[in-house]
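> Quick one: structure below, then a few questions.
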Number of protein chains: 2
Amino acid sequence: MQDQLTTALLGQSFSSSSQDTVLLDEYKRLVEGYVDIDHSIAVLSDFQANRSYIYVGSFGQHFGLSYGHIVIESAFEECIFDKVHPDDLTERHILELSYFEHQKSLLPSERKKYSTISRIRASNAEGRYSYINHRTIYLKSQPNDSVWLALCIYAPSIDLLPRPGIDGKIVNRETGESISFEQYRNYGQQLLSRREIEVLNLIAKGMGSKEIAVQLHIAVYTVRRHRQNIIRKIQVSNTAEAVKTGLAIGVVNVLC
Amino acid sequence: MQDQLTTALLGQSFSSSSQDTVLLDEYKRLVEGYVDIDHSIAVLSDFQANRSYIYVGSFGQHFGLSYGHIVIESAFEECIFDKVHPDDLTERHILELSYFEHQKSLLPSERKKYSTISRIRASNAEGRYSYINHRTIYLKSQPNDSVWLALCIYAPSIDLLPRPGIDGKIVNRETGESISFEQYRNYGQQLLSRREIEVLNLIAKGMGSKEIAVQLHIAVYTVRRHRQNIIRKIQVSNTAEAVKTGLAIGVVNVLC
């Protein structure tokens, strides 16, 4: 899933400008101050330079990160992603992709209003999972509308009620209105064709290629080709993983 | 309840120092930047000067407040308190008093770790109540340990599940551990004597002064004096309100 995110965000067209450094420095100061007040961990990612500035507040000790700030040569904070529960990380990436699409559908002036919010499980310094409040805010787009600077904030969650999934939402910060992630995760739908989604759902029901061929009135060869395309497109290594990812991205529906 | 809060916070001893203005300006910039990222409403209160700096992010329109910042000559943001549901406002004040006591019990170096968090109902520009995420952070104490600068942050809550009360907590921002408000709201216990709490609980059970006198083996006159003292101490106008506040501050237990 992260590969799609990388392609979507780093694959945008960027134009260097002399103003960038000044603006970036301004945002760096803002984020540093934010962490000073919030005690959270904030990651300012520059998609143009593929670089991140990680500001570690006192909550950082939860992850075994030490107070201060680090620069990493990647727009993605693998050192934190590594601690996130793999299922939640996949959902988080899908949420960000939905957010990216949602941002693209808005006027640049409207974008700043929205952020994502979710609750992910991350392992602490002792290796035990705990609930983390996660937010993504796209801070700044370039004049050509490409999303340039993003901020991810990690803070402890006080909502400790167990629930499945990350409860991802896109929130309008002006009104408090939130758009459930379910309504927005159409990424999967765009990724796979209607036929591929149909095949993946039959696989999820436990059908073999021959059964699927009969059911859909197509050749077994065609079913096998769909299988391969699904695996390639959603970048997994086998059909079992494809079903799991299909469920996560909302294209597999176990009820029908 | 706000009177107690005013007494506790503004009644501290303060010492002016030439450094104050520089530090205050630094915090003002920090808070302004915080709101710029968070789009929330942040109130920086100076208890020494009895003054507040209100930074209104885009969420301000929810309350009919316009974007920008205002200075008010009070450490308490009445213009926002006015919109908070009265029951929730009382609980919020009690939570802050508990937080104040909790802060006083810590070493100055430990204080910054903790903040309060609660969910309050506030009426929006159309007069309808919605859930607001509320946090209080004491940013800076003076060398004599008096709490000098406080920050209150108002942002939309995405947790829309109805529940009674404000679910107030004191959160350790380093570990995510939260101390339930219930465990900390001993303010009421300090406010009333053991005998007064006993009397208030019997009033809550619907007993009249004569019944209470018999039950406690004291004179009716003494019961009446306790009643008056309770009303005076918790600053309400009648016993019905005293019972309600007693419940809120945790000194009235309806189960025993």
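In the structure tokens, each chain is lettered A, B, ... as it comes, each chain's residues begin at 1, and ligands are numbered from 1 in order of appearance.
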With only C-alpha atoms considered, list every residue of chain B at most 10 Å from chain A, as a compact mmCIF listing (two decimals) with C-alpha atoms, in the first residue's frame.

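Final output, selection-v1.txt:
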# COMPACT_ATOMS: atom_id res chain seq x y z
CA GLU B 26 7.49 33.94 22.96
CA TYR B 27 4.44 31.99 24.17
CA ARG B 29 4.01 33.43 19.03
CA LEU B 30 3.97 29.71 19.88
CA VAL B 31 0.21 29.74 20.46
CA GLU B 32 -0.45 31.75 17.31
CA GLY B 33 1.52 29.16 15.32
CA TYR B 34 -0.29 26.32 17.06
CA VAL B 35 -3.66 27.69 15.96
CA ASP B 36 -2.34 28.22 12.45
CA ILE B 37 -1.65 24.47 12.22
CA ASP B 38 -4.49 23.19 14.36
CA HIS B 39 -7.26 25.59 13.19
CA SER B 40 -8.60 25.43 16.75
CA GLY B 57 -8.47 29.60 14.09
CA SER B 58 -10.97 28.61 11.44
CA PHE B 59 -12.93 26.55 14.01
CA GLY B 60 -13.89 29.91 15.57
CA GLN B 61 -16.71 30.35 13.08
CA HIS B 62 -18.46 27.51 14.92
CA PHE B 63 -18.93 29.93 17.83
CA LYS B 112 4.58 20.38 31.61
CA LYS B 113 3.96 16.65 31.06
CA TYR B 114 0.35 16.80 32.13
CA SER B 115 -2.70 18.34 30.54
CA ILE B 117 -8.67 16.66 28.41
CA SER B 118 -12.44 16.60 28.33
CA ASN B 124 -22.65 26.78 17.88
CA SER B 130 -22.15 20.04 19.68
CA TYR B 131 -19.22 18.19 21.23
CA ILE B 132 -16.00 20.13 21.72
CA ILE B 137 -2.19 22.99 29.72
CA TYR B 138 -0.33 25.04 32.32
CA LEU B 139 2.55 26.28 30.22
CA LEU B 151 -3.49 27.48 27.59
CA ALA B 155 -11.39 21.96 18.85
CA PRO B 156 -14.20 19.85 17.37
CA SER B 157 -14.57 16.39 18.89
CA ILE B 158 -14.89 13.51 16.50
CA ASP B 159 -16.21 11.27 19.28
CA LYS B 169 -9.01 13.29 32.53
CA ILE B 170 -5.55 14.46 33.50
CA VAL B 171 -3.22 13.03 30.86
CA ASN B 172 0.48 12.31 31.07
CA ARG B 173 1.59 13.39 27.60
CA GLU B 174 4.78 11.35 27.77
CA THR B 175 3.22 7.99 28.38
CA GLY B 176 -0.38 8.52 27.32
CA GLU B 177 -1.44 7.33 30.75
CA SER B 178 -4.51 9.14 31.95
> Would you list the contacts of Pro164 in chain B as a ChimeraX atom specification, taking every protein, DNA or RNA residue within 10 Å and counting only C-alpha atoms, but skipping same-chain residues closer than 3 positions in sequence?
/B:88,161,167
> Looking only at strand (DSSP E) from DSSP on the backbone, list the matching residues of range 20-244 of chain B as a compact mmCIF listing (two decimals) with all heavy atoms, in the first residue's frame.

# COMPACT_ATOMS: atom_id res chain seq x y z
N ILE B 41 -9.31 26.97 18.50
CA ILE B 41 -9.31 28.23 19.23
C ILE B 41 -8.40 28.01 20.43
O ILE B 41 -8.58 27.03 21.16
CB ILE B 41 -10.72 28.61 19.74
CG1 ILE B 41 -11.71 28.64 18.57
CG2 ILE B 41 -10.70 29.94 20.48
CD1 ILE B 41 -13.16 28.74 19.04
N ALA B 42 -7.43 28.89 20.64
CA ALA B 42 -6.54 28.73 21.79
C ALA B 42 -6.57 30.00 22.63
O ALA B 42 -6.52 31.11 22.09
CB ALA B 42 -5.12 28.43 21.32
N VAL B 43 -6.70 29.80 23.93
CA VAL B 43 -6.73 30.94 24.85
C VAL B 43 -5.51 30.86 25.75
O VAL B 43 -5.35 29.91 26.52
CB VAL B 43 -8.02 30.91 25.70
CG1 VAL B 43 -8.07 32.12 26.63
CG2 VAL B 43 -9.26 30.85 24.82
N LEU B 44 -4.63 31.84 25.63
CA LEU B 44 -3.45 31.94 26.47
C LEU B 44 -3.80 32.88 27.61
O LEU B 44 -4.06 34.06 27.37
CB LEU B 44 -2.27 32.48 25.65
CG LEU B 44 -0.95 32.71 26.39
CD1 LEU B 44 -0.35 31.39 26.86
CD2 LEU B 44 0.06 33.44 25.48
N SER B 45 -3.85 32.34 28.84
CA SER B 45 -4.26 33.17 29.97
C SER B 45 -3.08 33.49 30.87
O SER B 45 -2.31 32.61 31.24
CB SER B 45 -5.34 32.46 30.80
OG SER B 45 -6.51 32.31 30.04
N ASP B 46 -2.96 34.76 31.20
CA ASP B 46 -1.92 35.26 32.09
C ASP B 46 -2.59 35.51 33.44
O ASP B 46 -3.35 36.47 33.58
CB ASP B 46 -1.33 36.54 31.47
CG ASP B 46 -0.26 37.18 32.34
OD1 ASP B 46 -0.22 36.91 33.56
OD2 ASP B 46 0.54 37.96 31.79
N ARG B 51 -5.35 38.57 32.31
CA ARG B 51 -5.58 38.94 30.92
C ARG B 51 -5.49 37.68 30.05
O ARG B 51 -4.76 36.74 30.40
CB ARG B 51 -4.49 39.93 30.49
CG ARG B 51 -4.65 40.51 29.09
CD ARG B 51 -3.56 41.55 28.79
NE ARG B 51 -3.70 42.73 29.64
CZ ARG B 51 -2.69 43.35 30.27
NH1 ARG B 51 -1.45 42.91 30.15
NH2 ARG B 51 -2.91 44.41 31.02
N SER B 52 -6.24 37.64 28.95
CA SER B 52 -6.17 36.49 28.04
C SER B 52 -5.96 36.94 26.60
O SER B 52 -6.49 37.97 26.18
CB SER B 52 -7.44 35.64 28.11
OG SER B 52 -7.58 35.08 29.38
N TYR B 53 -5.22 36.13 25.88
CA TYR B 53 -4.99 36.34 24.46
C TYR B 53 -5.71 35.20 23.74
O TYR B 53 -5.33 34.04 23.90
CB TYR B 53 -3.48 36.32 24.15
CG TYR B 53 -2.74 37.34 25.01
CD1 TYR B 53 -2.27 36.99 26.28
CD2 TYR B 53 -2.56 38.65 24.56
CE1 TYR B 53 -1.62 37.93 27.08
CE2 TYR B 53 -1.92 39.59 25.36
CZ TYR B 53 -1.46 39.22 26.62
OH TYR B 53 -0.84 40.15 27.42
N ILE B 54 -6.73 35.55 23.00
CA ILE B 54 -7.54 34.52 22.33
C ILE B 54 -7.17 34.47 20.85
O ILE B 54 -7.32 35.47 20.14
CB ILE B 54 -9.06 34.78 22.51
CG1 ILE B 54 -9.39 34.98 24.00
CG2 ILE B 54 -9.88 33.63 21.92
CD1 ILE B 54 -10.87 35.19 24.28
N TYR B 55 -6.67 33.32 20.42
CA TYR B 55 -6.31 33.13 19.02
C TYR B 55 -7.38 32.27 18.37
O TYR B 55 -7.61 31.14 18.78
CB TYR B 55 -4.92 32.48 18.91
CG TYR B 55 -3.84 33.39 19.45
CD1 TYR B 55 -3.51 33.39 20.80
CD2 TYR B 55 -3.21 34.30 18.61
CE1 TYR B 55 -2.55 34.27 21.30
CE2 TYR B 55 -2.25 35.19 19.10
CZ TYR B 55 -1.93 35.17 20.44
OH TYR B 55 -1.00 36.04 20.93
N VAL B 56 -8.03 32.84 17.40
CA VAL B 56 -9.18 32.17 16.79
C VAL B 56 -8.78 31.58 15.43
O VAL B 56 -8.53 32.32 14.49
CB VAL B 56 -10.37 33.15 16.63
CG1 VAL B 56 -11.56 32.45 16.01
CG2 VAL B 56 -10.74 33.77 17.97
N GLY B 68 -8.67 35.50 13.72
CA GLY B 68 -7.75 36.55 14.16
C GLY B 68 -7.46 36.40 15.64
O GLY B 68 -7.64 35.31 16.19
N HIS B 69 -7.03 37.46 16.30
CA HIS B 69 -6.88 37.33 17.75
C HIS B 69 -7.34 38.56 18.52
O HIS B 69 -7.37 39.66 17.99
CB HIS B 69 -5.46 36.90 18.15
CG HIS B 69 -4.41 37.93 17.96
ND1 HIS B 69 -3.70 38.06 16.81
CD2 HIS B 69 -3.94 38.85 18.81
CE1 HIS B 69 -2.83 39.04 16.95
NE2 HIS B 69 -2.96 39.55 18.15
N ILE B 70 -7.78 38.29 19.74
CA ILE B 70 -8.31 39.35 20.59
C ILE B 70 -7.65 39.26 21.97
O ILE B 70 -7.25 38.19 22.41
CB ILE B 70 -9.85 39.26 20.77
CG1 ILE B 70 -10.37 37.81 20.53
CG2 ILE B 70 -10.58 40.24 19.91
CD1 ILE B 70 -11.86 37.64 20.82
N VAL B 71 -7.55 40.39 22.63
CA VAL B 71 -7.04 40.44 24.00
C VAL B 71 -8.21 40.81 24.89
O VAL B 71 -8.96 41.74 24.58
CB VAL B 71 -5.92 41.51 24.13
CG1 VAL B 71 -5.33 41.49 25.54
CG2 VAL B 71 -4.84 41.29 23.09
N ILE B 72 -8.41 40.05 25.97
CA ILE B 72 -9.48 40.42 26.90
C ILE B 72 -8.89 40.62 28.29
O ILE B 72 -7.92 39.96 28.67
CB ILE B 72 -10.64 39.38 26.94
CG1 ILE B 72 -10.11 37.98 27.32
CG2 ILE B 72 -11.39 39.32 25.62
CD1 ILE B 72 -11.21 37.01 27.71
N TYR B 114 1.77 17.11 31.95
CA TYR B 114 0.35 16.80 32.13
C TYR B 114 -0.56 17.87 31.52
O TYR B 114 -0.25 19.05 31.57
CB TYR B 114 0.03 16.67 33.62
CG TYR B 114 0.70 15.47 34.25
CD1 TYR B 114 1.99 15.56 34.77
CD2 TYR B 114 0.05 14.24 34.29
CE1 TYR B 114 2.61 14.45 35.33
CE2 TYR B 114 0.67 13.13 34.85
CZ TYR B 114 1.95 13.24 35.37
OH TYR B 114 2.56 12.15 35.91
N SER B 115 -1.66 17.41 30.96
CA SER B 115 -2.70 18.34 30.54
C SER B 115 -4.05 17.75 30.91
O SER B 115 -4.14 16.56 31.21
CB SER B 115 -2.62 18.58 29.03
OG SER B 115 -3.17 17.49 28.32
N THR B 116 -5.07 18.57 30.90
CA THR B 116 -6.41 17.99 31.09
C THR B 116 -6.97 17.71 29.71
O THR B 116 -6.54 18.30 28.71
CB THR B 116 -7.40 18.96 31.77
OG1 THR B 116 -7.80 19.95 30.82
CG2 THR B 116 -6.79 19.61 32.99
N ILE B 117 -7.92 16.84 29.65
CA ILE B 117 -8.67 16.66 28.41
C ILE B 117 -10.10 16.32 28.79
O ILE B 117 -10.35 15.61 29.76
CB ILE B 117 -8.02 15.61 27.49
CG1 ILE B 117 -8.68 15.60 26.11
CG2 ILE B 117 -8.01 14.23 28.12
CD1 ILE B 117 -7.77 15.16 25.00
N SER B 118 -11.03 16.89 28.08
CA SER B 118 -12.44 16.60 28.33
C SER B 118 -13.25 16.90 27.08
O SER B 118 -12.73 17.47 26.13
CB SER B 118 -12.96 17.43 29.51
OG SER B 118 -12.85 18.80 29.23
N ARG B 119 -14.48 16.46 27.10
CA ARG B 119 -15.38 16.71 25.98
C ARG B 119 -16.58 17.48 26.52
O ARG B 119 -17.31 16.95 27.36
CB ARG B 119 -15.83 15.39 25.36
CG ARG B 119 -16.54 15.57 24.04
CD ARG B 119 -17.08 14.26 23.51
NE ARG B 119 -18.13 13.72 24.36
CZ ARG B 119 -19.01 12.79 23.96
NH1 ARG B 119 -18.92 12.27 22.76
NH2 ARG B 119 -19.93 12.37 24.78
N ILE B 120 -16.71 18.71 26.06
CA ILE B 120 -17.80 19.55 26.57
C ILE B 120 -18.79 19.85 25.46
O ILE B 120 -18.46 19.76 24.28
CB ILE B 120 -17.25 20.87 27.16
CG1 ILE B 120 -16.41 21.61 26.12
CG2 ILE B 120 -16.42 20.61 28.42
CD1 ILE B 120 -15.89 22.97 26.57
N ARG B 121 -20.00 20.20 25.86
CA ARG B 121 -21.00 20.61 24.87
C ARG B 121 -21.01 22.13 24.80
O ARG B 121 -21.07 22.80 25.84
CB ARG B 121 -22.38 20.11 25.29
CG ARG B 121 -22.57 18.61 25.17
CD ARG B 121 -23.79 18.16 25.96
NE ARG B 121 -23.59 18.34 27.39
CZ ARG B 121 -24.52 18.14 28.32
NH1 ARG B 121 -25.74 17.78 27.96
NH2 ARG B 121 -24.24 18.31 29.60
N ALA B 122 -20.93 22.65 23.60
CA ALA B 122 -20.99 24.11 23.44
C ALA B 122 -21.93 24.42 22.29
O ALA B 122 -22.01 23.66 21.33
CB ALA B 122 -19.61 24.68 23.18
N SER B 123 -22.66 25.51 22.43
CA SER B 123 -23.64 25.83 21.38
C SER B 123 -22.93 26.57 20.26
O SER B 123 -22.09 27.43 20.48
CB SER B 123 -24.80 26.65 21.94
OG SER B 123 -24.34 27.87 22.44
N TYR B 129 -26.20 22.55 20.41
CA TYR B 129 -25.02 22.02 21.10
C TYR B 129 -24.27 21.02 20.23
O TYR B 129 -24.87 20.22 19.53
CB TYR B 129 -25.43 21.31 22.41
CG TYR B 129 -25.68 22.27 23.55
CD1 TYR B 129 -26.93 22.40 24.13
CD2 TYR B 129 -24.63 23.06 24.04
CE1 TYR B 129 -27.15 23.29 25.18
CE2 TYR B 129 -24.85 23.95 25.09
CZ TYR B 129 -26.10 24.07 25.65
OH TYR B 129 -26.31 24.94 26.68
N SER B 130 -22.95 21.09 20.30
CA SER B 130 -22.15 20.04 19.68
C SER B 130 -20.97 19.74 20.61
O SER B 130 -20.68 20.50 21.54
CB SER B 130 -21.68 20.46 18.29
OG SER B 130 -20.76 21.52 18.41
N TYR B 131 -20.31 18.61 20.36
CA TYR B 131 -19.22 18.19 21.23
C TYR B 131 -17.90 18.87 20.88
O TYR B 131 -17.50 18.87 19.71
CB TYR B 131 -19.03 16.67 21.16
CG TYR B 131 -20.11 15.89 21.85
CD1 TYR B 131 -20.91 14.98 21.15
CD2 TYR B 131 -20.35 16.05 23.21
CE1 TYR B 131 -21.90 14.26 21.78
CE2 TYR B 131 -21.34 15.34 23.85
CZ TYR B 131 -22.12 14.44 23.13
OH TYR B 131 -23.10 13.74 23.77
N ILE B 132 -17.27 19.41 21.89
CA ILE B 132 -16.00 20.13 21.72
C ILE B 132 -14.93 19.42 22.55
O ILE B 132 -15.16 19.05 23.70
CB ILE B 132 -16.14 21.58 22.24
CG1 ILE B 132 -17.33 22.29 21.62
CG2 ILE B 132 -14.84 22.36 22.04
CD1 ILE B 132 -17.24 22.54 20.15
N ASN B 133 -13.79 19.24 21.94
CA ASN B 133 -12.64 18.69 22.62
C ASN B 133 -11.96 19.85 23.37
O ASN B 133 -11.63 20.86 22.76
CB ASN B 133 -11.71 18.16 21.51
CG ASN B 133 -10.72 17.18 22.03
OD1 ASN B 133 -10.28 17.30 23.18
ND2 ASN B 133 -10.37 16.23 21.20
N HIS B 134 -11.81 19.70 24.65
CA HIS B 134 -11.25 20.79 25.45
C HIS B 134 -9.99 20.33 26.18
O HIS B 134 -9.98 19.27 26.79
CB HIS B 134 -12.29 21.27 26.47
CG HIS B 134 -11.82 22.42 27.30
ND1 HIS B 134 -11.06 22.24 28.43
CD2 HIS B 134 -11.97 23.75 27.16
CE1 HIS B 134 -10.78 23.42 28.95
NE2 HIS B 134 -11.31 24.35 28.20
N ARG B 135 -8.94 21.12 26.09
CA ARG B 135 -7.70 20.80 26.80
C ARG B 135 -7.20 22.01 27.56
O ARG B 135 -7.34 23.14 27.10
CB ARG B 135 -6.62 20.38 25.81
CG ARG B 135 -6.84 19.01 25.22
CD ARG B 135 -5.95 18.77 24.03
NE ARG B 135 -4.55 18.86 24.39
CZ ARG B 135 -3.56 18.98 23.50
NH1 ARG B 135 -3.83 19.02 22.22
NH2 ARG B 135 -2.32 19.05 23.89
N THR B 136 -6.64 21.77 28.72
CA THR B 136 -5.98 22.83 29.48
C THR B 136 -4.54 22.39 29.74
O THR B 136 -4.31 21.24 30.15
CB THR B 136 -6.69 23.10 30.81
OG1 THR B 136 -8.05 23.46 30.55
CG2 THR B 136 -6.02 24.24 31.59
N ILE B 137 -3.60 23.27 29.45
CA ILE B 137 -2.19 22.99 29.72
C ILE B 137 -1.62 24.20 30.48
O ILE B 137 -1.75 25.33 30.00
CB ILE B 137 -1.38 22.84 28.39
CG1 ILE B 137 -2.04 21.83 27.45
CG2 ILE B 137 0.07 22.45 28.68
CD1 ILE B 137 -1.46 21.85 26.02
N TYR B 138 -1.04 23.95 31.64
CA TYR B 138 -0.33 25.04 32.32
C TYR B 138 1.06 25.11 31.73
O TYR B 138 1.87 24.21 31.90
CB TYR B 138 -0.30 24.81 33.83
CG TYR B 138 -1.64 25.03 34.51
CD1 TYR B 138 -1.88 24.55 35.79
CD2 TYR B 138 -2.65 25.73 33.87
CE1 TYR B 138 -3.12 24.76 36.41
CE2 TYR B 138 -3.88 25.94 34.48
CZ TYR B 138 -4.11 25.46 35.74
OH TYR B 138 -5.32 25.66 36.35
N LEU B 139 1.31 26.19 31.00
CA LEU B 139 2.55 26.28 30.22
C LEU B 139 3.74 26.70 31.06
O LEU B 139 4.86 26.25 30.82
CB LEU B 139 2.37 27.30 29.09
CG LEU B 139 1.47 26.93 27.92
CD1 LEU B 139 1.40 28.09 26.94
CD2 LEU B 139 1.99 25.68 27.22
N LYS B 140 3.52 27.57 32.00
CA LYS B 140 4.67 28.17 32.67
C LYS B 140 4.33 28.58 34.11
O LYS B 140 3.32 29.23 34.34
CB LYS B 140 5.09 29.42 31.86
CG LYS B 140 6.41 30.01 32.24
CD LYS B 140 7.58 29.17 31.78
CE LYS B 140 8.89 29.65 32.38
NZ LYS B 140 9.94 28.62 32.27
N SER B 141 5.20 28.16 35.02
CA SER B 141 5.08 28.62 36.40
C SER B 141 6.14 29.67 36.65
O SER B 141 7.13 29.75 35.92
CB SER B 141 5.27 27.44 37.37
OG SER B 141 4.23 26.52 37.22
N VAL B 147 1.45 29.16 39.26
CA VAL B 147 1.12 28.92 37.84
C VAL B 147 0.84 30.27 37.19
O VAL B 147 -0.04 31.01 37.63
CB VAL B 147 -0.09 27.98 37.70
CG1 VAL B 147 -0.46 27.82 36.23
CG2 VAL B 147 0.21 26.63 38.33
N TRP B 148 1.58 30.58 36.15
CA TRP B 148 1.50 31.91 35.54
C TRP B 148 0.71 31.89 34.23
O TRP B 148 -0.25 32.64 34.06
CB TRP B 148 2.91 32.45 35.31
CG TRP B 148 3.00 33.72 34.55
CD1 TRP B 148 2.14 34.79 34.61
CD2 TRP B 148 4.00 34.08 33.59
NE1 TRP B 148 2.55 35.78 33.76
CE2 TRP B 148 3.69 35.39 33.12
CE3 TRP B 148 5.15 33.45 33.10
CZ2 TRP B 148 4.47 36.04 32.17
CZ3 TRP B 148 5.93 34.11 32.17
CH2 TRP B 148 5.58 35.40 31.71
N LEU B 149 1.12 31.01 33.29
CA LEU B 149 0.47 31.00 31.97
C LEU B 149 -0.25 29.68 31.72
O LEU B 149 0.32 28.60 31.92
CB LEU B 149 1.52 31.21 30.86
CG LEU B 149 2.25 32.55 30.84
CD1 LEU B 149 3.31 32.54 29.73
CD2 LEU B 149 1.27 33.71 30.62
N ALA B 150 -1.49 29.79 31.29
CA ALA B 150 -2.27 28.60 30.97
C ALA B 150 -2.78 28.69 29.55
O ALA B 150 -2.96 29.78 29.02
CB ALA B 150 -3.46 28.49 31.92
N LEU B 151 -2.98 27.53 28.95
CA LEU B 151 -3.49 27.48 27.59
C LEU B 151 -4.74 26.59 27.57
O LEU B 151 -4.71 25.46 28.07
CB LEU B 151 -2.41 26.88 26.68
CG LEU B 151 -2.72 26.77 25.20
CD1 LEU B 151 -2.84 28.16 24.58
CD2 LEU B 151 -1.63 25.98 24.48
N CYS B 152 -5.82 27.12 27.01
CA CYS B 152 -7.02 26.30 26.80
C CYS B 152 -7.23 26.16 25.31
O CYS B 152 -7.19 27.17 24.59
CB CYS B 152 -8.25 26.95 27.41
SG CYS B 152 -8.36 26.67 29.17
N ILE B 153 -7.44 24.94 24.85
CA ILE B 153 -7.63 24.70 23.42
C ILE B 153 -9.00 24.10 23.17
O ILE B 153 -9.39 23.13 23.82
CB ILE B 153 -6.53 23.76 22.88
CG1 ILE B 153 -5.14 24.38 23.12
CG2 ILE B 153 -6.72 23.49 21.39
CD1 ILE B 153 -4.00 23.40 22.96
N TYR B 154 -9.73 24.71 22.26
CA TYR B 154 -11.07 24.24 21.88
C TYR B 154 -11.01 23.76 20.43
O TYR B 154 -10.64 24.53 19.54
CB TYR B 154 -12.08 25.38 21.97
CG TYR B 154 -12.25 25.97 23.35
CD1 TYR B 154 -11.37 26.94 23.82
CD2 TYR B 154 -13.28 25.56 24.19
CE1 TYR B 154 -11.52 27.49 25.08
CE2 TYR B 154 -13.43 26.10 25.46
CZ TYR B 154 -12.55 27.07 25.90
OH TYR B 154 -12.70 27.61 27.16
N ALA B 155 -11.38 22.51 20.20
CA ALA B 155 -11.39 21.96 18.85
C ALA B 155 -12.59 21.03 18.72
O ALA B 155 -13.11 20.54 19.73
CB ALA B 155 -10.09 21.20 18.59
N PRO B 156 -13.05 20.77 17.50
CA PRO B 156 -14.20 19.85 17.37
C PRO B 156 -13.83 18.46 17.88
O PRO B 156 -12.70 18.01 17.73
CB PRO B 156 -14.47 19.83 15.87
CG PRO B 156 -13.27 20.40 15.21
CD PRO B 156 -12.61 21.29 16.20
N LYS B 169 -10.21 14.05 32.18
CA LYS B 169 -9.01 13.29 32.53
C LYS B 169 -7.82 14.22 32.66
O LYS B 169 -7.77 15.27 32.04
CB LYS B 169 -8.70 12.26 31.45
CG LYS B 169 -9.65 11.10 31.43
CD LYS B 169 -9.24 10.09 30.38
CE LYS B 169 -10.10 8.84 30.43
NZ LYS B 169 -11.50 9.10 30.10
N ILE B 170 -6.85 13.79 33.47
CA ILE B 170 -5.55 14.46 33.50
C ILE B 170 -4.60 13.49 32.81
O ILE B 170 -4.48 12.34 33.21
CB ILE B 170 -5.11 14.75 34.95
CG1 ILE B 170 -6.11 15.71 35.62
CG2 ILE B 170 -3.71 15.35 34.98
CD1 ILE B 170 -5.93 15.86 37.12
N VAL B 171 -3.99 13.93 31.71
CA VAL B 171 -3.22 13.03 30.86
C VAL B 171 -1.72 13.29 30.99
O VAL B 171 -1.29 14.43 30.95
CB VAL B 171 -3.62 13.20 29.37
CG1 VAL B 171 -2.86 12.24 28.48
CG2 VAL B 171 -5.11 12.98 29.20
N ASN B 172 -0.97 12.23 31.14
CA ASN B 172 0.48 12.31 31.07
C ASN B 172 0.85 12.22 29.59
O ASN B 172 0.68 11.17 28.97
CB ASN B 172 1.09 11.14 31.86
CG ASN B 172 2.60 11.14 31.83
OD1 ASN B 172 3.21 11.62 30.86
ND2 ASN B 172 3.22 10.63 32.87
N SER B 178 -3.63 8.08 31.49
CA SER B 178 -4.51 9.14 31.95
C SER B 178 -5.07 8.83 33.32
O SER B 178 -5.39 7.69 33.63
CB SER B 178 -5.61 9.44 30.94
OG SER B 178 -6.47 8.35 30.84
N ILE B 179 -5.14 9.87 34.10
CA ILE B 179 -5.67 9.74 35.44
C ILE B 179 -7.10 10.23 35.37
O ILE B 179 -7.35 11.38 35.01
CB ILE B 179 -4.87 10.64 36.41
CG1 ILE B 179 -3.39 10.28 36.35
CG2 ILE B 179 -5.42 10.52 37.82
CD1 ILE B 179 -2.49 11.42 36.77
N SER B 180 -8.02 9.32 35.65
CA SER B 180 -9.41 9.71 35.53
C SER B 180 -9.70 10.83 36.53
O SER B 180 -9.22 10.85 37.66
CB SER B 180 -10.30 8.51 35.81
OG SER B 180 -11.56 8.96 36.20
> Have a look at CA of Gly246 in chain B and CA of Leu200 in chain B and let me know their distance in Å, one decimal.
7.6 Å
> What lies within 9 Å of range 210-222 of chain A using only C-alpha atoms, ignoring chain neighbours under 6 positions off, as a ChimeraX atom specification?
/A:198-199,202-203
> Would you work out the distance separating CA of Pro162 in chain A from CA of Gly127 in chain A, expressed in Å to one decimal?
18.4 Å
> For the atom pair CA of Leu89 in chain A and CA of Gln103 in chain A, what is the interatomic distance in Å to one decimal place?
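Interatomic distance, CA of Leu89 in chain A to CA of Gln103 in chain A: 20.6 Å.
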> Return the single residue from A:Met207, A:Val251, A:Ile166, A:Val223 that is closest to Leu192 in chain A, with distances computed using only C-alpha atoms.
A:Val251
